[in-house]
Amino acid sequence: MAKLPPGLSGREVRAALDRAGFMFRRQAGSHLILGRDDPHLRVFVPDHRDIRLGTLRHIVADAGLTVDEFVNLLRK
C-alpha cells in the first residue's frame with residue numbers, strides 16, 4: 001500500500017483529480033470545487049501551497065479513490 005506524499009499543493013491535487021475524470025466547477029474563496037457526473041461526486045480542494053495529510057486523506061476518500069489509485073494519478 002502506497003503512502004500519501006507530503007507537501008502537495010492544491011494545484012497538484014487538482015491535476016490528479018482531473019485525470020480521474022473530475023472537472024473544475026467553480027472556486028469559492030480559497031477552495032476549488034471539482035465535480036464528476038458518473039458517479040455524481042463533488043470534491044472541495046483548498047488552493048494552498050501545502051495541503052495537510054489529514055485533509056488530503058479526506059479529499060481522496062471524498063473522491064471515491066484509494067490511496068494507491070491517487071498516488072498513481074499523481075505519477076501520470
# chains A, B, ... in the order shown; residues from 1 in each chain; ligands from 1
>>> residues_around(residues="Arg25 in chain A", least_positions_apart="5", cutoff="12 Å", atoms="only C-alpha atoms", output="MDAnalysis selection string")
chainID A and resid 14 18 31:37 41:45
>>> write_last_selection(atoms="N, CA and C atoms", output="PDB file, in the first residue's frame")
ATOM      1  N   ARG A  14      -5.489  18.959  -7.714  1.00  0.00           N
ATOM      2  CA  ARG A  14      -6.484  19.202  -8.766  1.00  0.00           C
ATOM      3  C   ARG A  14      -6.085  18.498 -10.063  1.00  0.00           C
ATOM      4  N   ASP A  18      -8.242  15.745 -11.980  1.00  0.00           N
ATOM      5  CA  ASP A  18      -8.629  15.941 -13.385  1.00  0.00           C
ATOM      6  C   ASP A  18      -8.402  14.651 -14.172  1.00  0.00           C
ATOM      7  N   HIS A  31     -10.996  27.791  -2.047  1.00  0.00           N
ATOM      8  CA  HIS A  31     -11.279  26.386  -2.293  1.00  0.00           C
ATOM      9  C   HIS A  31     -11.747  26.168  -3.728  1.00  0.00           C
ATOM     10  N   LEU A  32     -11.145  25.160  -4.361  1.00  0.00           N
ATOM     11  CA  LEU A  32     -11.550  24.742  -5.702  1.00  0.00           C
ATOM     12  C   LEU A  32     -12.624  23.682  -5.546  1.00  0.00           C
ATOM     13  N   ILE A  33     -13.683  23.792  -6.311  1.00  0.00           N
ATOM     14  CA  ILE A  33     -14.766  22.815  -6.249  1.00  0.00           C
ATOM     15  C   ILE A  33     -14.763  22.049  -7.564  1.00  0.00           C
ATOM     16  N   LEU A  34     -14.521  20.741  -7.440  1.00  0.00           N
ATOM     17  CA  LEU A  34     -14.436  19.858  -8.597  1.00  0.00           C
ATOM     18  C   LEU A  34     -15.622  18.913  -8.567  1.00  0.00           C
ATOM     19  N   GLY A  35     -16.086  18.516  -9.731  1.00  0.00           N
ATOM     20  CA  GLY A  35     -17.220  17.609  -9.786  1.00  0.00           C
ATOM     21  C   GLY A  35     -17.062  16.571 -10.878  1.00  0.00           C
ATOM     22  N   ARG A  36     -17.817  15.510 -10.728  1.00  0.00           N
ATOM     23  CA  ARG A  36     -17.859  14.433 -11.715  1.00  0.00           C
ATOM     24  C   ARG A  36     -19.305  13.986 -11.815  1.00  0.00           C
ATOM     25  N   ASP A  37     -19.728  13.632 -13.023  1.00  0.00           N
ATOM     26  CA  ASP A  37     -21.127  13.264 -13.229  1.00  0.00           C
ATOM     27  C   ASP A  37     -21.424  11.784 -13.027  1.00  0.00           C
ATOM     28  N   LEU A  41     -20.211  13.070  -7.956  1.00  0.00           N
ATOM     29  CA  LEU A  41     -19.389  13.377  -6.778  1.00  0.00           C
ATOM     30  C   LEU A  41     -18.964  14.829  -6.837  1.00  0.00           C
ATOM     31  N   ARG A  42     -18.752  15.405  -5.668  1.00  0.00           N
ATOM     32  CA  ARG A  42     -18.240  16.770  -5.576  1.00  0.00           C
ATOM     33  C   ARG A  42     -17.128  16.762  -4.534  1.00  0.00           C
ATOM     34  N   VAL A  43     -16.003  17.392  -4.879  1.00  0.00           N
ATOM     35  CA  VAL A  43     -14.834  17.409  -4.011  1.00  0.00           C
ATOM     36  C   VAL A  43     -14.373  18.849  -3.843  1.00  0.00           C
ATOM     37  N   PHE A  44     -14.021  19.211  -2.628  1.00  0.00           N
ATOM     38  CA  PHE A  44     -13.506  20.541  -2.319  1.00  0.00           C
ATOM     39  C   PHE A  44     -12.008  20.422  -2.049  1.00  0.00           C
ATOM     40  N   VAL A  45     -11.213  21.203  -2.782  1.00  0.00           N
ATOM     41  CA  VAL A  45      -9.756  21.168  -2.641  1.00  0.00           C
ATOM     42  C   VAL A  45      -9.274  22.562  -2.266  1.00  0.00           C
TER      43      VAL A  45
END
>>> residues_around(residues="Glu12 in chain A", least_positions_apart="6", cutoff="12 Å", atoms="only C-alpha atoms", output="list in words")
Pro5, Pro6, Asp18, Arg19, Leu32, Val45, Pro46, Asp47, His48, Arg49, Asp50, Ile51, Leu56, Phe70, Val71, Leu73, Leu74, Arg75 and Lys76 of chain A
>>> select_by_dssp(residues="chain A", states="helix (DSSP H, G or I)", output="list in words")
Gly10, Arg11, Glu12, Val13, Arg14, Ala15, Ala16, Leu17, Asp18, Arg19, Leu53, Gly54, Thr55, Leu56, Arg57, His58, Ile59, Val60, Ala61, Asp62, Val67, Asp68, Glu69, Phe70, Val71, Asn72, Leu73, Leu74 and Arg75 of chain A
>>> write_last_selection(atoms="C-alpha atoms", output="mmCIF file, in the first residue's frame")
data_model
loop_
_atom_site.group_PDB
_atom_site.id
_atom_site.type_symbol
_atom_site.label_atom_id
_atom_site.label_comp_id
_atom_site.auth_asym_id
_atom_site.auth_seq_id
_atom_site.Cartn_x
_atom_site.Cartn_y
_atom_site.Cartn_z
ATOM 1 C CA GLY A 10 -3.879 22.276 -4.213
ATOM 2 C CA ARG A 11 -2.987 22.611 -7.898
ATOM 3 C CA GLU A 12 -1.167 19.251 -7.882
ATOM 4 C CA VAL A 13 -4.162 17.577 -6.239
ATOM 5 C CA ARG A 14 -6.484 19.202 -8.766
ATOM 6 C CA ALA A 15 -4.351 17.903 -11.663
ATOM 7 C CA ALA A 16 -4.515 14.351 -10.289
ATOM 8 C CA LEU A 17 -8.283 14.572 -9.839
ATOM 9 C CA ASP A 18 -8.629 15.941 -13.385
ATOM 10 C CA ARG A 19 -7.001 12.703 -14.570
ATOM 11 C CA LEU A 53 -2.044 14.894 5.103
ATOM 12 C CA GLY A 54 -5.312 14.549 7.050
ATOM 13 C CA THR A 55 -7.036 16.926 4.664
ATOM 14 C CA LEU A 56 -5.568 15.059 1.708
ATOM 15 C CA ARG A 57 -6.875 11.749 3.070
ATOM 16 C CA HIS A 58 -10.381 13.222 3.261
ATOM 17 C CA ILE A 59 -10.136 14.578 -0.293
ATOM 18 C CA VAL A 60 -9.074 11.164 -1.610
ATOM 19 C CA ALA A 61 -11.905 9.443 0.289
ATOM 20 C CA ASP A 62 -14.481 12.008 -0.893
ATOM 21 C CA VAL A 67 -4.580 5.919 -1.783
ATOM 22 C CA ASP A 68 -2.890 3.683 -4.382
ATOM 23 C CA GLU A 69 -5.149 4.982 -7.167
ATOM 24 C CA PHE A 70 -4.492 8.585 -6.147
ATOM 25 C CA VAL A 71 -0.717 8.095 -5.988
ATOM 26 C CA ASN A 72 -0.799 6.533 -9.477
ATOM 27 C CA LEU A 73 -2.731 9.558 -10.773
ATOM 28 C CA LEU A 74 -0.013 11.834 -9.359
ATOM 29 C CA ARG A 75 2.657 9.949 -11.316
#
>>> select_by_dssp(residues="chain A", states="strand (DSSP E or B)", output="list in words")
Met23, Phe24, Arg25, Arg26, Gln27, Ala28, His31, Leu32, Ile33, Leu34, Gly35, Arg36, Leu41, Arg42, Val43, Phe44, Val45 and Pro46 of chain A
>>> write_last_selection(atoms="N, CA and C atoms", output="PDB file, in the first residue's frame")
ATOM      1  N   MET A  23     -13.891  17.570 -13.032  1.00  0.00           N
ATOM      2  CA  MET A  23     -13.764  18.827 -13.770  1.00  0.00           C
ATOM      3  C   MET A  23     -13.923  19.982 -12.798  1.00  0.00           C
ATOM      4  N   PHE A  24     -13.204  21.045 -13.076  1.00  0.00           N
ATOM      5  CA  PHE A  24     -13.322  22.259 -12.274  1.00  0.00           C
ATOM      6  C   PHE A  24     -14.710  22.832 -12.477  1.00  0.00           C
ATOM      7  N   ARG A  25     -15.420  23.079 -11.383  1.00  0.00           N
ATOM      8  CA  ARG A  25     -16.769  23.654 -11.464  1.00  0.00           C
ATOM      9  C   ARG A  25     -16.748  25.143 -11.141  1.00  0.00           C
ATOM     10  N   ARG A  26     -16.130  25.475  -9.999  1.00  0.00           N
ATOM     11  CA  ARG A  26     -16.068  26.871  -9.584  1.00  0.00           C
ATOM     12  C   ARG A  26     -15.073  26.994  -8.440  1.00  0.00           C
ATOM     13  N   GLN A  27     -14.857  28.239  -8.023  1.00  0.00           N
ATOM     14  CA  GLN A  27     -13.984  28.498  -6.897  1.00  0.00           C
ATOM     15  C   GLN A  27     -14.741  29.337  -5.882  1.00  0.00           C
ATOM     16  N   ALA A  28     -14.671  28.943  -4.630  1.00  0.00           N
ATOM     17  CA  ALA A  28     -15.305  29.677  -3.536  1.00  0.00           C
ATOM     18  C   ALA A  28     -14.204  30.075  -2.562  1.00  0.00           C
ATOM     19  N   HIS A  31     -10.996  27.791  -2.047  1.00  0.00           N
ATOM     20  CA  HIS A  31     -11.279  26.386  -2.293  1.00  0.00           C
ATOM     21  C   HIS A  31     -11.747  26.168  -3.728  1.00  0.00           C
ATOM     22  N   LEU A  32     -11.145  25.160  -4.361  1.00  0.00           N
ATOM     23  CA  LEU A  32     -11.550  24.742  -5.702  1.00  0.00           C
ATOM     24  C   LEU A  32     -12.624  23.682  -5.546  1.00  0.00           C
ATOM     25  N   ILE A  33     -13.683  23.792  -6.311  1.00  0.00           N
ATOM     26  CA  ILE A  33     -14.766  22.815  -6.249  1.00  0.00           C
ATOM     27  C   ILE A  33     -14.763  22.049  -7.564  1.00  0.00           C
ATOM     28  N   LEU A  34     -14.521  20.741  -7.440  1.00  0.00           N
ATOM     29  CA  LEU A  34     -14.436  19.858  -8.597  1.00  0.00           C
ATOM     30  C   LEU A  34     -15.622  18.913  -8.567  1.00  0.00           C
ATOM     31  N   GLY A  35     -16.086  18.516  -9.731  1.00  0.00           N
ATOM     32  CA  GLY A  35     -17.220  17.609  -9.786  1.00  0.00           C
ATOM     33  C   GLY A  35     -17.062  16.571 -10.878  1.00  0.00           C
ATOM     34  N   ARG A  36     -17.817  15.510 -10.728  1.00  0.00           N
ATOM     35  CA  ARG A  36     -17.859  14.433 -11.715  1.00  0.00           C
ATOM     36  C   ARG A  36     -19.305  13.986 -11.815  1.00  0.00           C
ATOM     37  N   LEU A  41     -20.211  13.070  -7.956  1.00  0.00           N
ATOM     38  CA  LEU A  41     -19.389  13.377  -6.778  1.00  0.00           C
ATOM     39  C   LEU A  41     -18.964  14.829  -6.837  1.00  0.00           C
ATOM     40  N   ARG A  42     -18.752  15.405  -5.668  1.00  0.00           N
ATOM     41  CA  ARG A  42     -18.240  16.770  -5.576  1.00  0.00           C
ATOM     42  C   ARG A  42     -17.128  16.762  -4.534  1.00  0.00           C
ATOM     43  N   VAL A  43     -16.003  17.392  -4.879  1.00  0.00           N
ATOM     44  CA  VAL A  43     -14.834  17.409  -4.011  1.00  0.00           C
ATOM     45  C   VAL A  43     -14.373  18.849  -3.843  1.00  0.00           C
ATOM     46  N   PHE A  44     -14.021  19.211  -2.628  1.00  0.00           N
ATOM     47  CA  PHE A  44     -13.506  20.541  -2.319  1.00  0.00           C
ATOM     48  C   PHE A  44     -12.008  20.422  -2.049  1.00  0.00           C
ATOM     49  N   VAL A  45     -11.213  21.203  -2.782  1.00  0.00           N
ATOM     50  CA  VAL A  45      -9.756  21.168  -2.641  1.00  0.00           C
ATOM     51  C   VAL A  45      -9.274  22.562  -2.266  1.00  0.00           C
ATOM     52  N   PRO A  46      -8.606  22.699  -1.113  1.00  0.00           N
ATOM     53  CA  PRO A  46      -8.073  24.018  -0.760  1.00  0.00           C
ATOM     54  C   PRO A  46      -6.941  24.399  -1.713  1.00  0.00           C
TER      55      PRO A  46
END
>>> closest_residue(among="A:Asp38, A:Thr66, A:Arg52, A:Lys3", to="Gly21 in chain A", atoms="only C-alpha atoms")
A:Asp38
>>> decode(residues="range 41-71 of chain A", atoms="C-alpha atoms", output="PDB file, in the first residue's frame")
ATOM      1  CA  LEU A  41     -19.389  13.377  -6.778  1.00  0.00           C
ATOM      2  CA  ARG A  42     -18.240  16.770  -5.576  1.00  0.00           C
ATOM      3  CA  VAL A  43     -14.834  17.409  -4.011  1.00  0.00           C
ATOM      4  CA  PHE A  44     -13.506  20.541  -2.319  1.00  0.00           C
ATOM      5  CA  VAL A  45      -9.756  21.168  -2.641  1.00  0.00           C
ATOM      6  CA  PRO A  46      -8.073  24.018  -0.760  1.00  0.00           C
ATOM      7  CA  ASP A  47      -5.934  26.099  -3.100  1.00  0.00           C
ATOM      8  CA  HIS A  48      -2.991  26.148  -0.697  1.00  0.00           C
ATOM      9  CA  ARG A  49       0.740  25.626  -1.248  1.00  0.00           C
ATOM     10  CA  ASP A  50       0.847  22.733   1.205  1.00  0.00           C
ATOM     11  CA  ILE A  51      -2.166  20.535   1.975  1.00  0.00           C
ATOM     12  CA  ARG A  52      -2.010  18.695   5.281  1.00  0.00           C
ATOM     13  CA  LEU A  53      -2.044  14.894   5.103  1.00  0.00           C
ATOM     14  CA  GLY A  54      -5.312  14.549   7.050  1.00  0.00           C
ATOM     15  CA  THR A  55      -7.036  16.926   4.664  1.00  0.00           C
ATOM     16  CA  LEU A  56      -5.568  15.059   1.708  1.00  0.00           C
ATOM     17  CA  ARG A  57      -6.875  11.749   3.070  1.00  0.00           C
ATOM     18  CA  HIS A  58     -10.381  13.222   3.261  1.00  0.00           C
ATOM     19  CA  ILE A  59     -10.136  14.578  -0.293  1.00  0.00           C
ATOM     20  CA  VAL A  60      -9.074  11.164  -1.610  1.00  0.00           C
ATOM     21  CA  ALA A  61     -11.905   9.443   0.289  1.00  0.00           C
ATOM     22  CA  ASP A  62     -14.481  12.008  -0.893  1.00  0.00           C
ATOM     23  CA  ALA A  63     -13.330  11.395  -4.465  1.00  0.00           C
ATOM     24  CA  GLY A  64     -14.027   7.673  -4.055  1.00  0.00           C
ATOM     25  CA  LEU A  65     -10.396   6.740  -4.696  1.00  0.00           C
ATOM     26  CA  THR A  66      -7.962   4.554  -2.830  1.00  0.00           C
ATOM     27  CA  VAL A  67      -4.580   5.919  -1.783  1.00  0.00           C
ATOM     28  CA  ASP A  68      -2.890   3.683  -4.382  1.00  0.00           C
ATOM     29  CA  GLU A  69      -5.149   4.982  -7.167  1.00  0.00           C
ATOM     30  CA  PHE A  70      -4.492   8.585  -6.147  1.00  0.00           C
ATOM     31  CA  VAL A  71      -0.717   8.095  -5.988  1.00  0.00           C
TER      32      VAL A  71
END
